[in-house]
>>> print(open('input.txt').read())   # compact mmCIF, C-alpha atoms
# COMPACT_ATOMS: atom_id res chain seq x y z
CA MET A 1 -43.65 39.93 32.04
CA ASN A 2 -43.04 37.26 29.42
CA TYR A 3 -43.53 37.90 25.69
CA GLU A 4 -47.24 37.03 25.61
CA GLU A 5 -47.98 39.19 28.65
CA SER A 6 -45.99 42.08 27.18
CA ILE A 7 -47.83 41.95 23.86
CA ASP A 8 -51.19 41.64 25.59
CA TYR A 9 -50.40 44.72 27.66
CA ILE A 10 -49.24 46.77 24.64
CA LEU A 11 -52.13 45.80 22.38
CA ASN A 12 -54.66 46.74 25.05
CA ILE A 13 -53.39 50.30 25.40
CA PRO A 14 -56.02 52.47 23.67
CA LYS A 15 -54.94 53.37 20.13
CA PHE A 16 -56.04 56.98 20.57
CA GLY A 17 -55.54 57.59 24.25
CA VAL A 18 -55.19 60.81 26.20
CA LYS A 19 -52.47 62.83 24.52
CA SER A 20 -51.08 66.28 25.10
CA GLY A 21 -49.03 67.13 22.03
CA LEU A 22 -45.53 65.69 22.32
CA ASP A 23 -45.29 66.12 26.10
CA ASN A 24 -45.90 62.48 26.97
CA ILE A 25 -43.42 61.00 24.50
CA LYS A 26 -40.89 63.65 25.52
CA THR A 27 -41.24 62.67 29.18
CA LEU A 28 -40.99 58.96 28.40
CA LEU A 29 -37.90 59.36 26.23
CA ASN A 30 -36.27 61.64 28.80
CA LEU A 31 -36.68 58.87 31.37
CA LEU A 32 -35.04 56.48 28.88
CA ASN A 33 -32.08 58.88 28.42
CA ASN A 34 -33.24 60.08 25.00
CA PRO A 35 -32.05 57.23 22.76
CA GLU A 36 -33.39 59.07 19.70
CA LYS A 37 -30.73 61.75 20.00
CA ASP A 38 -27.99 59.29 19.05
CA LEU A 39 -29.74 58.03 15.91
CA LYS A 40 -29.34 59.13 12.29
CA ILE A 41 -32.89 59.22 10.97
CA ILE A 42 -34.71 59.47 7.65
CA HIS A 43 -38.22 60.65 8.60
CA VAL A 44 -41.15 59.81 6.31
CA ALA A 45 -44.72 61.15 6.40
CA GLY A 46 -47.59 61.14 3.90
CA THR A 47 -51.00 59.65 3.27
CA ASN A 48 -50.11 56.82 0.90
CA GLY A 49 -46.96 54.91 0.08
CA LYS A 50 -44.84 55.90 3.07
CA GLY A 51 -44.41 52.33 4.31
CA SER A 52 -43.33 51.17 0.85
CA VAL A 53 -40.89 54.09 0.48
CA CYS A 54 -39.43 53.37 3.93
CA THR A 55 -38.97 49.70 3.11
CA MET A 56 -37.37 50.40 -0.27
CA LEU A 57 -34.90 52.74 1.42
CA SER A 58 -34.14 50.09 4.04
CA TYR A 59 -33.38 47.46 1.40
CA ILE A 60 -31.09 49.85 -0.47
CA LEU A 61 -29.18 50.92 2.64
CA CYS A 62 -28.83 47.32 3.80
CA GLU A 63 -27.46 46.34 0.41
CA ASN A 64 -24.74 48.95 0.93
CA GLY A 65 -23.74 47.24 4.16
CA TYR A 66 -25.33 49.73 6.54
CA LYS A 67 -27.01 48.35 9.64
CA THR A 68 -30.47 49.77 9.16
CA GLY A 69 -33.40 50.10 11.54
CA LEU A 70 -36.89 50.24 10.03
CA PHE A 71 -39.95 51.39 11.98
CA THR A 72 -43.33 51.08 10.24
CA SER A 73 -46.98 50.66 11.15
CA PRO A 74 -49.37 49.01 11.38
CA HIS A 75 -48.32 45.39 11.55
CA LEU A 76 -50.20 42.82 9.50
CA ILE A 77 -49.97 39.74 11.70
CA LYS A 78 -47.45 40.15 14.52
CA PHE A 79 -46.52 43.25 16.54
CA ASN A 80 -42.80 42.49 16.03
CA GLU A 81 -43.14 43.43 12.34
CA ARG A 82 -43.00 47.11 13.31
CA PHE A 83 -39.38 46.88 14.43
CA LYS A 84 -36.81 45.60 11.97
CA ILE A 85 -33.05 45.66 11.65
CA ASN A 86 -31.76 44.80 8.20
CA ASN A 87 -35.36 43.91 7.30
CA ILE A 88 -35.60 41.21 9.97
CA ASP A 89 -38.29 41.48 12.68
CA ILE A 90 -37.22 41.91 16.28
CA GLU A 91 -37.05 38.59 18.18
CA ASP A 92 -39.67 37.85 20.83
CA GLU A 93 -37.11 37.75 23.64
CA GLU A 94 -35.49 41.01 22.57
CA LEU A 95 -38.84 42.77 22.32
CA THR A 96 -39.76 41.53 25.79
CA ASN A 97 -36.48 42.81 27.24
CA ILE A 98 -36.81 46.21 25.56
CA PHE A 99 -40.42 46.60 26.66
CA SER A 100 -39.53 45.77 30.27
CA LEU A 101 -37.29 48.86 30.30
CA VAL A 102 -40.09 50.97 28.81
CA LYS A 103 -42.69 49.53 31.19
CA GLU A 104 -40.58 50.52 34.19
CA LYS A 105 -40.68 54.15 33.03
CA ILE A 106 -44.40 53.94 32.23
CA ASP A 107 -45.08 52.88 35.82
CA TYR A 108 -42.94 55.76 37.07
CA MET A 109 -44.91 58.20 34.91
CA VAL A 110 -48.32 56.92 36.00
CA ASN A 111 -47.33 56.93 39.66
CA GLY A 112 -46.10 60.48 39.20
CA GLY A 113 -49.44 61.69 37.85
CA TYR A 114 -48.61 61.71 34.13
CA ASN A 115 -50.96 60.29 31.51
CA HIS A 116 -50.25 56.71 30.53
CA PRO A 117 -48.40 56.81 27.17
CA THR A 118 -50.55 55.89 24.19
CA PHE A 119 -50.12 52.67 22.21
CA PHE A 120 -48.10 54.46 19.53
CA GLU A 121 -45.96 56.37 22.03
CA VAL A 122 -44.97 53.05 23.58
CA ALA A 123 -44.15 51.62 20.14
CA VAL A 124 -41.99 54.65 19.29
CA ALA A 125 -40.11 54.35 22.59
CA ILE A 126 -39.45 50.66 21.97
CA ALA A 127 -38.14 51.46 18.49
CA PHE A 128 -35.74 54.18 19.59
CA LEU A 129 -34.44 52.12 22.51
CA TYR A 130 -33.96 49.03 20.31
CA TYR A 131 -32.10 50.87 17.54
CA LYS A 132 -29.89 52.69 20.04
CA LYS A 133 -29.07 49.42 21.84
CA GLU A 134 -28.18 47.73 18.55
CA ASN A 135 -26.11 50.72 17.40
CA VAL A 136 -27.64 50.89 13.93
CA ASP A 137 -26.09 53.13 11.28
CA TYR A 138 -29.41 54.59 10.09
CA VAL A 139 -33.08 54.49 11.03
CA ILE A 140 -35.93 54.76 8.53
CA LEU A 141 -38.77 56.19 10.61
CA GLU A 142 -42.38 56.21 9.40
CA THR A 143 -44.86 58.53 11.07
CA GLY A 144 -48.03 57.03 12.47
CA LEU A 145 -50.64 59.72 11.92
CA GLY A 146 -50.03 63.17 10.50
CA GLY A 147 -46.65 64.63 11.35
CA ARG A 148 -46.73 67.75 13.49
CA LEU A 149 -48.03 66.03 16.63
CA ASP A 150 -46.97 62.51 15.71
CA SER A 151 -44.87 60.83 18.39
CA THR A 152 -42.04 60.23 15.92
CA ASN A 153 -41.76 64.01 15.49
CA ILE A 154 -39.88 64.26 18.77
CA ILE A 155 -36.70 64.04 16.69
CA SER A 156 -34.96 67.33 16.04
CA SER A 157 -32.56 66.93 13.11
CA PRO A 158 -33.26 64.16 10.57
CA ILE A 159 -30.94 63.44 7.65
CA VAL A 160 -33.89 64.23 5.40
CA SER A 161 -37.66 64.64 5.80
CA VAL A 162 -39.79 62.88 3.19
CA ILE A 163 -43.42 63.54 2.32
CA THR A 164 -45.21 61.03 0.09
CA PRO A 165 -48.55 61.65 -1.74
CA ILE A 166 -51.10 63.48 0.40
CA GLY A 167 -54.80 62.70 0.28
CA TYR A 168 -57.82 62.60 2.56
CA ASP A 169 -57.40 60.35 5.59
CA HIS A 170 -57.98 60.81 9.34
CA THR A 171 -59.82 64.03 8.48
CA HIS A 172 -61.39 64.12 11.96
CA ILE A 173 -57.88 64.66 13.32
CA LEU A 174 -55.82 66.17 10.49
CA GLY A 175 -58.35 68.50 8.88
CA ASN A 176 -60.95 68.50 6.12
CA THR A 177 -58.92 70.09 3.33
CA LEU A 178 -55.73 69.03 1.58
CA GLU A 179 -54.11 72.24 2.75
CA GLU A 180 -54.90 71.45 6.38
CA ILE A 181 -53.68 67.88 6.03
CA ALA A 182 -50.51 69.04 4.25
CA GLY A 183 -49.94 71.49 7.07
CA GLU A 184 -49.93 68.63 9.57
CA LYS A 185 -47.56 66.55 7.40
CA ALA A 186 -45.30 69.61 7.02
CA GLY A 187 -44.71 69.46 10.76
CA ILE A 188 -41.84 67.00 10.19
CA ILE A 189 -39.86 69.63 8.25
CA LYS A 190 -36.93 70.75 10.40
CA GLU A 191 -34.69 73.80 10.46
CA GLY A 192 -31.89 73.47 7.91
CA CYS A 193 -32.70 69.84 7.03
CA GLU A 194 -33.52 68.82 3.45
CA THR A 195 -37.04 67.83 2.44
CA VAL A 196 -38.23 65.53 -0.37
CA LEU A 197 -41.78 65.93 -1.68
CA TYR A 198 -43.82 64.26 -4.38
CA TYR A 199 -47.06 66.14 -4.99
CA ASP A 200 -49.98 66.00 -7.40
CA ASN A 201 -51.73 69.09 -6.09
CA GLU A 202 -50.43 72.65 -6.32
CA LYS A 203 -52.05 73.66 -3.03
CA VAL A 204 -50.14 70.88 -1.28
CA PHE A 205 -46.92 72.08 -2.90
CA GLU A 206 -47.50 75.65 -1.73
CA VAL A 207 -48.06 74.55 1.88
CA ILE A 208 -44.89 72.46 1.94
CA LYS A 209 -42.85 75.09 0.07
CA THR A 210 -43.92 77.80 2.51
CA GLU A 211 -42.87 75.69 5.49
CA CYS A 212 -39.54 74.81 3.85
CA ASP A 213 -38.83 78.48 3.20
CA LYS A 214 -39.69 79.29 6.80
CA LYS A 215 -37.38 76.55 8.11
CA LYS A 216 -34.60 77.18 5.55
CA SER A 217 -35.06 73.59 4.39
CA LYS A 218 -33.86 72.87 0.86
CA LEU A 219 -36.82 71.35 -0.98
CA TYR A 220 -36.41 68.54 -3.51
CA SER A 221 -39.88 68.45 -5.04
CA TYR A 222 -41.39 67.07 -8.22
CA ASP A 223 -44.80 66.39 -9.65
CA LYS A 224 -43.71 64.76 -12.89
CA TYR A 225 -41.62 61.70 -13.57
CA GLU A 226 -41.33 59.47 -16.60
CA TYR A 227 -41.31 55.70 -16.64
CA LYS A 228 -41.71 52.93 -19.17
CA ILE A 229 -42.67 49.37 -18.27
CA LEU A 230 -40.27 47.05 -20.08
CA ASN A 231 -41.66 43.78 -18.80
CA LYS A 232 -44.35 42.67 -16.36
CA ASN A 233 -45.70 39.37 -15.07
CA LYS A 234 -47.64 38.16 -12.00
CA LYS A 235 -44.63 38.70 -9.75
CA THR A 236 -42.37 41.45 -11.05
CA ILE A 237 -42.11 44.68 -13.02
CA ASP A 238 -39.14 45.83 -15.13
CA PHE A 239 -39.11 49.53 -15.94
CA SER A 240 -37.02 52.56 -16.81
CA ILE A 241 -37.54 55.77 -14.84
CA ASN A 242 -36.33 59.33 -14.55
CA ASN A 243 -37.17 62.68 -13.04
CA LYS A 244 -35.13 65.86 -12.73
CA TYR A 245 -32.89 64.29 -10.08
CA TYR A 246 -31.87 60.97 -11.68
CA LYS A 247 -32.22 58.53 -14.59
CA TYR A 248 -32.26 54.72 -14.53
CA ASP A 249 -32.50 52.68 -17.73
CA ARG A 250 -33.67 49.46 -16.11
CA ILE A 251 -34.98 48.70 -12.62
CA PHE A 252 -36.53 45.46 -11.43
CA ILE A 253 -38.98 45.40 -8.49
CA ASN A 254 -40.63 42.41 -6.89
CA THR A 255 -44.27 43.56 -7.16
CA ILE A 256 -47.25 43.55 -9.49
CA ALA A 257 -48.43 47.01 -8.42
CA ASN A 258 -47.77 49.87 -10.82
CA TYR A 259 -48.22 52.28 -7.91
CA GLN A 260 -44.96 50.96 -6.47
CA ILE A 261 -43.21 52.65 -9.40
CA LEU A 262 -44.31 55.99 -7.93
CA ASN A 263 -43.01 54.93 -4.53
CA ALA A 264 -39.73 53.86 -6.12
CA SER A 265 -39.44 57.30 -7.73
CA ILE A 266 -39.68 58.89 -4.27
CA ALA A 267 -37.19 56.48 -2.71
CA LEU A 268 -34.73 57.13 -5.54
CA THR A 269 -35.04 60.88 -5.02
CA VAL A 270 -34.28 60.41 -1.32
CA ILE A 271 -31.23 58.36 -2.28
CA GLU A 272 -29.95 61.20 -4.47
CA VAL A 273 -30.34 63.62 -1.57
CA ILE A 274 -28.46 61.49 0.94
CA LYS A 275 -25.74 60.75 -1.62
CA ASN A 276 -25.23 64.50 -1.89
CA LYS A 277 -24.68 64.51 1.88
CA GLY A 278 -21.75 62.14 1.52
CA ILE A 279 -23.48 58.85 2.32
CA ILE A 280 -22.06 56.25 -0.05
CA ILE A 281 -24.75 54.48 -2.08
CA THR A 282 -23.69 52.49 -5.15
CA ASP A 283 -25.80 52.00 -8.27
CA LYS A 284 -25.46 48.25 -7.85
CA SER A 285 -26.87 48.39 -4.32
CA ILE A 286 -29.78 50.53 -5.52
CA LEU A 287 -30.72 48.02 -8.22
CA THR A 288 -30.20 44.99 -5.98
CA GLY A 289 -32.02 46.59 -3.06
CA LEU A 290 -35.11 47.33 -5.14
CA LYS A 291 -34.96 43.86 -6.68
CA ASN A 292 -34.99 42.31 -3.19
CA PHE A 293 -37.68 44.69 -1.87
CA LYS A 294 -40.73 42.99 -0.34
CA TRP A 295 -43.68 44.71 1.29
CA PRO A 296 -46.47 42.22 2.16
CA GLY A 297 -50.13 43.07 1.82
CA ARG A 298 -49.77 45.44 -1.13
CA MET A 299 -51.18 43.94 -4.34
CA GLU A 300 -49.93 40.57 -3.14
CA TYR A 301 -51.04 37.26 -4.61
CA LEU A 302 -51.84 34.93 -1.70
CA THR A 303 -52.97 32.23 -4.13
CA ASN A 304 -53.41 32.11 -7.88
CA ASN A 305 -56.87 33.67 -7.49
CA ILE A 306 -56.66 35.77 -4.30
CA ILE A 307 -55.02 39.19 -4.21
CA ILE A 308 -54.78 41.28 -1.05
CA ASP A 309 -54.15 45.02 -0.97
CA GLY A 310 -53.97 47.29 2.05
CA ALA A 311 -55.62 50.33 0.44
CA HIS A 312 -57.65 51.92 3.23
CA ASN A 313 -58.48 55.43 2.01
CA THR A 314 -59.85 57.08 -1.11
CA LEU A 315 -56.50 57.68 -2.80
CA GLY A 316 -55.35 54.14 -2.08
CA ILE A 317 -58.52 52.61 -3.56
CA ARG A 318 -58.19 54.86 -6.61
CA MET A 319 -54.66 53.58 -7.21
CA PHE A 320 -55.80 49.99 -6.66
CA VAL A 321 -58.60 50.31 -9.22
CA LYS A 322 -56.19 51.67 -11.80
CA ASP A 323 -53.73 48.85 -11.18
CA ILE A 324 -56.28 46.04 -11.06
CA ASN A 325 -57.78 47.15 -14.36
CA ASN A 326 -54.32 47.03 -15.93
CA LEU A 327 -53.54 43.70 -14.31
CA VAL A 328 -56.62 41.60 -15.10
CA GLY A 329 -57.86 43.26 -18.31
CA ASN A 330 -61.41 42.09 -18.95
CA GLN A 331 -61.30 39.29 -16.39
CA GLU A 332 -64.18 39.30 -13.93
CA ILE A 333 -63.22 39.82 -10.27
CA ASN A 334 -64.96 39.72 -6.91
CA ILE A 335 -64.29 41.97 -3.93
CA LEU A 336 -64.06 41.20 -0.22
CA PHE A 337 -64.31 44.55 1.56
CA GLY A 338 -64.19 45.68 5.16
CA SER A 339 -63.28 49.03 6.68
CA LEU A 340 -62.79 50.90 9.92
CA LYS A 341 -65.62 53.29 10.79
CA ASP A 342 -63.32 56.32 10.89
CA LYS A 343 -62.26 55.80 7.28
CA PRO A 344 -64.11 57.33 4.28
CA TYR A 345 -65.66 53.98 3.33
CA ASP A 346 -68.43 55.69 1.38
CA GLU A 347 -65.89 57.32 -0.94
CA MET A 348 -63.85 54.12 -1.08
CA ILE A 349 -66.87 52.13 -2.23
CA ARG A 350 -67.69 54.74 -4.89
CA GLU A 351 -64.13 54.49 -6.16
CA LEU A 352 -64.42 50.69 -6.32
CA LYS A 353 -67.49 51.06 -8.53
CA LYS A 354 -65.24 52.64 -11.18
CA CYS A 355 -63.75 49.18 -11.73
CA ASN A 356 -66.00 47.70 -14.41
CA ASN A 357 -64.70 44.17 -13.82
CA ILE A 358 -66.37 43.66 -10.44
CA ASN A 359 -68.97 40.89 -10.29
CA LYS A 360 -69.80 40.28 -6.61
CA VAL A 361 -69.02 42.30 -3.49
CA PHE A 362 -68.58 40.46 -0.19
CA LEU A 363 -68.79 42.63 2.93
CA THR A 364 -67.54 41.73 6.37
CA GLU A 365 -66.66 43.33 9.68
CA ILE A 366 -63.13 43.56 11.02
CA ASN A 367 -62.19 42.13 14.41
CA SER A 368 -61.97 45.59 15.97
CA ASP A 369 -64.25 47.83 17.99
CA ARG A 370 -63.53 50.43 15.28
CA THR A 371 -65.07 48.35 12.49
CA ALA A 372 -67.60 49.88 10.11
CA LYS A 373 -70.94 48.13 10.55
CA LEU A 374 -72.28 45.91 7.80
CA ASN A 375 -75.56 47.74 7.35
CA LEU A 376 -73.69 50.98 6.66
CA LEU A 377 -71.32 49.32 4.18
CA ALA A 378 -74.25 47.61 2.44
CA ASP A 379 -76.16 50.91 2.16
CA GLU A 380 -73.14 52.56 0.53
CA CYS A 381 -72.73 49.66 -1.91
CA ASN A 382 -76.39 49.99 -2.93
CA LYS A 383 -76.01 53.75 -3.37
CA ALA A 384 -72.92 53.20 -5.52
CA GLY A 385 -74.84 50.86 -7.81
CA PHE A 386 -73.52 47.42 -6.85
CA THR A 387 -76.25 44.87 -7.44
CA ASP A 388 -74.73 41.64 -6.09
CA VAL A 389 -73.77 42.40 -2.47
CA ASN A 390 -73.22 39.58 0.03
CA VAL A 391 -72.95 40.17 3.78
CA PHE A 392 -70.90 38.07 6.23
CA THR A 393 -71.30 38.83 9.92
CA ASN A 394 -68.34 36.54 10.69
CA VAL A 395 -65.03 37.37 9.00
CA ASP A 396 -63.81 33.75 9.20
CA ASN A 397 -66.89 32.59 7.28
CA ALA A 398 -66.23 35.28 4.67
CA ILE A 399 -62.62 34.18 4.22
CA ASP A 400 -63.59 30.50 4.06
CA CYS A 401 -66.14 31.30 1.35
CA VAL A 402 -63.62 33.37 -0.61
CA ASN A 403 -61.08 30.57 -0.39
CA LYS A 404 -63.60 27.97 -1.54
CA LEU A 405 -64.79 30.01 -4.52
CA SER A 406 -61.23 30.93 -5.51
CA LEU A 407 -60.36 27.23 -5.74
CA GLN A 408 -63.20 26.97 -8.26
CA GLY A 409 -61.51 29.59 -10.43
CA ASN A 410 -63.11 32.81 -9.16
CA MET A 411 -60.76 35.79 -8.78
CA PHE A 412 -60.98 37.71 -5.50
CA CYS A 413 -59.44 41.00 -4.37
CA CYS A 414 -59.50 41.59 -0.61
CA ILE A 415 -59.25 45.27 0.28
CA GLY A 416 -60.32 48.15 2.53
CA SER A 417 -58.16 47.81 5.63
CA LEU A 418 -54.67 46.66 6.57
CA TYR A 419 -56.25 45.01 9.62
CA LEU A 420 -58.47 42.95 7.32
CA VAL A 421 -55.60 42.15 4.95
CA GLY A 422 -53.39 40.99 7.79
CA TYR A 423 -56.13 38.79 9.21
CA ILE A 424 -56.83 37.23 5.79
CA LYS A 425 -53.14 36.54 5.26
CA ASP A 426 -52.87 34.87 8.65
CA ARG A 427 -56.11 32.91 8.23
CA LEU A 428 -55.30 31.56 4.78
CA THR A 429 -51.80 30.58 5.91
CA TYR A 430 -53.41 28.64 8.77
CA ILE A 431 -55.88 26.94 6.40
CA LYS A 432 -53.07 25.96 4.01
CA GLN A 433 -50.93 24.54 6.83
CA LYS A 434 -53.91 22.60 8.17
CA GLU A 435 -54.59 21.07 4.75
CA GLU A 436 -50.95 20.05 4.39
>>> encode(input="input.txt", output="structure tokens")
Amino acid sequence: MNYEESIDYILNIPKFGVKSGLDNIKTLLNLLNNPEKDLKIIHVAGTNGKGSVCTMLSYILCENGYKTGLFTSPHLIKFNERFKINNIDIEDEELTNIFSLVKEKIDYMVNGGYNHPTFFEVAVAIAFLYYKKENVDYVILETGLGGRLDSTNIISSPIVSVITPIGYDHTHILGNTLEEIAGEKAGIIKEGCETVLYYDNEKVFEVIKTECDKKKSKLYSYDKYEYKILNKNKKTIDFSINNKYYKYDRIFINTIANYQILNASIALTVIEVIKNKGIIITDKSILTGLKNFKWPGRMEYLTNNIIIDGAHNTLGIRMFVKDINNLVGNQEINILFGSLKDKPYDEMIRELKKCNNINKVFLTEINSDRTAKLNLLADECNKAGFTDVNVFTNVDNAIDCVNKLSLQGNMFCCIGSLYLVGYIKDRLTYIKQKEE
């Protein structure tokens, strides 16, 4: 297979295929000689912020001179984005070569009567094989969904397990209560390995603490941290921050999102833990790493009047609303919204209504068989009290309209799904290149 054929094959594996716990990924990795067993891994789960925390850690470790693998999901535009070394995407040729080795074992499994590995199991296998081949010093590994039965949870002894804020998402799989969801996330906690937790709910804390006690995992947890914004513009934030594990008088991050300060607080706690394990991390590399940190699709200005944000659950929308109110003040904004049908789009829309600045809401469907249908989104907008709701059956037409109105001075925020955000980013880049 060439690159295009490989990607077409991978992307057409069902996202939620037949899965039997960790048996399939275990079989696949056994056939690949268990590359994960030779990797030093920081394992990160949570509902919100885990991708940002992973990327911050990667930038800091790279700044220290460590060859660092970074595995995150989903991708915004290109599948290669999921696999990085030193924050650079895997090359097409390398991905093709790695997948050919995985595909050989997939064929062996299928011919032997095993279930075909799921989309995410294949991605995890590619990641482990790639990072082993390249002999990276450390891997920052983000879970896909949950923790306990997540394919990344095949690892046995991470450097540290990290759990970011927990909220309601994938409830049809993870459970309907925060305690149930926390229980699934707690599955990444391993015997004798340290755990870092930020929590804003005591019930979540109790679930994680109980599992840490059971596994003899030292828990570094906190629910309070202090920060002060020293300077902020449309590109960056300067702030001081401290919690019970550290204190920094001035940190600079390349973002406009206040919620990234919370994610930075988690990453900095992880850094303190791994420093205590003898991994050398200098203060200079911490500051420079966070200054260089980039995580596309999170409160990102695509143009002067178009912001994209990948918030795709209730907690994410809540954080977006808080940040956008702080960012634009009394300025009127418009929303382009789309969602997957298995997300709590009704709650997300109600959270959006708490932003008093919203003028118009544009609704569209995502290019996915999992998209939430327009009539359902429109009904929820009407229930929430939005009075100016515009429906676009074609996502390209919606983006073209947003782009046109933004050039006339209208502010737009595009939100609701990382799939939508990635498509908008790609589409607007194409439009800009065409105009040039």
>>> closest_atom_pairs(input="input.txt", of="region 109-136 of chain A", to="region 69-75 of chain A", cutoff="10 Å", atoms="only C-alpha atoms", output="tab-separated table")
residue	atom	partner	partner_atom	distance
A:Phe120	CA	A:Ser73	CA	9.3
A:Ala123	CA	A:Phe71	CA	9.2
A:Val124	CA	A:Phe71	CA	8.3
A:Ala127	CA	A:Phe71	CA	6.8
A:Phe128	CA	A:Phe71	CA	9.1
A:Tyr130	CA	A:Gly69	CA	8.9
A:Tyr131	CA	A:Gly69	CA	6.2
A:Lys132	CA	A:Gly69	CA	9.6
A:Glu134	CA	A:Gly69	CA	9.1
A:Asn135	CA	A:Gly69	CA	9.4
A:Val136	CA	A:Gly69	CA	6.3
>>> residues_around(input="input.txt", residues="Ile415 (chain A)", least_positions_apart="6", cutoff="8 Å", atoms="only C-alpha atoms", output="ChimeraX atom specification")
/A:308-312,335-338,421
>>> closest_residue(input="input.txt", among="A:Arg250, A:Pro165, A:Thr27, A:Asn86", to="Val110 (chain A)", atoms="all atoms listed in the file")
A:Thr27
>>> closest_residue(input="input.txt", among="A:Val207, A:Tyr246, A:Ser161, A:Lys228", to="Thr177 (chain A)", atoms="all atoms listed in the file")
A:Val207
>>> closest_residue(input="input.txt", among="A:Asn367, A:Ser157, A:Thr143, A:Thr47", to="Asn313 (chain A)", atoms="all atoms listed in the file")
A:Thr47
>>> atom_distance(input="input.txt", atom1="CA of Phe205 (chain A)", atom2="CA of Gly183 (chain A)")
10.4 Å
>>> closest_residue(input="input.txt", among="A:Gly422, A:Arg427, A:Leu61, A:Leu219", to="Lys275 (chain A)", atoms="all atoms listed in the file")
A:Leu61
>>> residues_around(input="input.txt", residues="region 314-322 of chain A", least_positions_apart="4", cutoff="7 Å", atoms="only C-alpha atoms", output="ChimeraX atom specification")
/A:48,167-168,259,326,344,347-348,351-352,355
>>> residues_around(input="input.txt", residues="Ile7 (chain A)", least_positions_apart="6", cutoff="10 Å", atoms="all atoms listed in the file", output="MDAnalysis selection string")
chainID A and resid 1 78:80 92 95:96 99
>>> atom_distance(input="input.txt", atom1="CA of Lys360 (chain A)", atom2="CA of Lys232 (chain A)")
27.4 Å
>>> closest_residue(input="input.txt", among="A:Ile281, A:Val391, A:Leu28, A:Leu287", to="Asn115 (chain A)", atoms="only C-alpha atoms")
A:Leu28
>>> residues_around(input="input.txt", residues="Asp238 (chain A)", least_positions_apart="5", cutoff="6 Å", atoms="all atoms listed in the file", output="list in words")
Ile229, Leu230, Asn231, Ile251 and Phe252 of chain A
>>> build_atoms(input="input.txt", residues="region 398-410 of chain A", atoms="N, CA and C atoms", output="mmCIF file, keeping the file's coordinate frame")
data_model
loop_
_atom_site.group_PDB
_atom_site.id
_atom_site.type_symbol
_atom_site.label_atom_id
_atom_site.label_comp_id
_atom_site.auth_asym_id
_atom_site.auth_seq_id
_atom_site.Cartn_x
_atom_site.Cartn_y
_atom_site.Cartn_z
ATOM 1 N N ALA A 398 -66.471 34.565 5.924
ATOM 2 C CA ALA A 398 -66.230 35.280 4.670
ATOM 3 C C ALA A 398 -64.963 34.775 3.993
ATOM 4 N N ILE A 399 -63.900 34.629 4.781
ATOM 5 C CA ILE A 399 -62.620 34.180 4.220
ATOM 6 C C ILE A 399 -62.731 32.742 3.725
ATOM 7 N N ASP A 400 -63.413 31.897 4.482
ATOM 8 C CA ASP A 400 -63.590 30.500 4.060
ATOM 9 C C ASP A 400 -64.348 30.432 2.731
ATOM 10 N N CYS A 401 -65.360 31.271 2.584
ATOM 11 C CA CYS A 401 -66.140 31.300 1.350
ATOM 12 C C CYS A 401 -65.290 31.795 0.181
ATOM 13 N N VAL A 402 -64.518 32.847 0.423
ATOM 14 C CA VAL A 402 -63.620 33.370 -0.610
ATOM 15 C C VAL A 402 -62.626 32.299 -1.046
ATOM 16 N N ASN A 403 -62.059 31.616 -0.086
ATOM 17 C CA ASN A 403 -61.080 30.570 -0.390
ATOM 18 C C ASN A 403 -61.699 29.453 -1.224
ATOM 19 N N LYS A 404 -62.902 29.037 -0.823
ATOM 20 C CA LYS A 404 -63.600 27.970 -1.540
ATOM 21 C C LYS A 404 -63.900 28.363 -2.983
ATOM 22 N N LEU A 405 -64.437 29.551 -3.175
ATOM 23 C CA LEU A 405 -64.790 30.010 -4.520
ATOM 24 C C LEU A 405 -63.548 30.261 -5.379
ATOM 25 N N SER A 406 -62.460 30.692 -4.739
ATOM 26 C CA SER A 406 -61.230 30.930 -5.510
ATOM 27 C C SER A 406 -60.667 29.617 -6.040
ATOM 28 N N LEU A 407 -60.837 28.544 -5.281
ATOM 29 C CA LEU A 407 -60.360 27.230 -5.740
ATOM 30 C C LEU A 407 -61.175 26.722 -6.928
ATOM 31 N N GLN A 408 -62.377 27.314 -7.106
ATOM 32 C CA GLN A 408 -63.200 26.970 -8.260
ATOM 33 C C GLN A 408 -62.920 27.874 -9.462
ATOM 34 N N GLY A 409 -61.920 28.752 -9.311
ATOM 35 C CA GLY A 409 -61.510 29.590 -10.430
ATOM 36 C C GLY A 409 -61.961 31.031 -10.369
ATOM 37 N N ASN A 410 -62.653 31.430 -9.296
ATOM 38 C CA ASN A 410 -63.110 32.810 -9.160
ATOM 39 C C ASN A 410 -61.977 33.692 -8.613
#
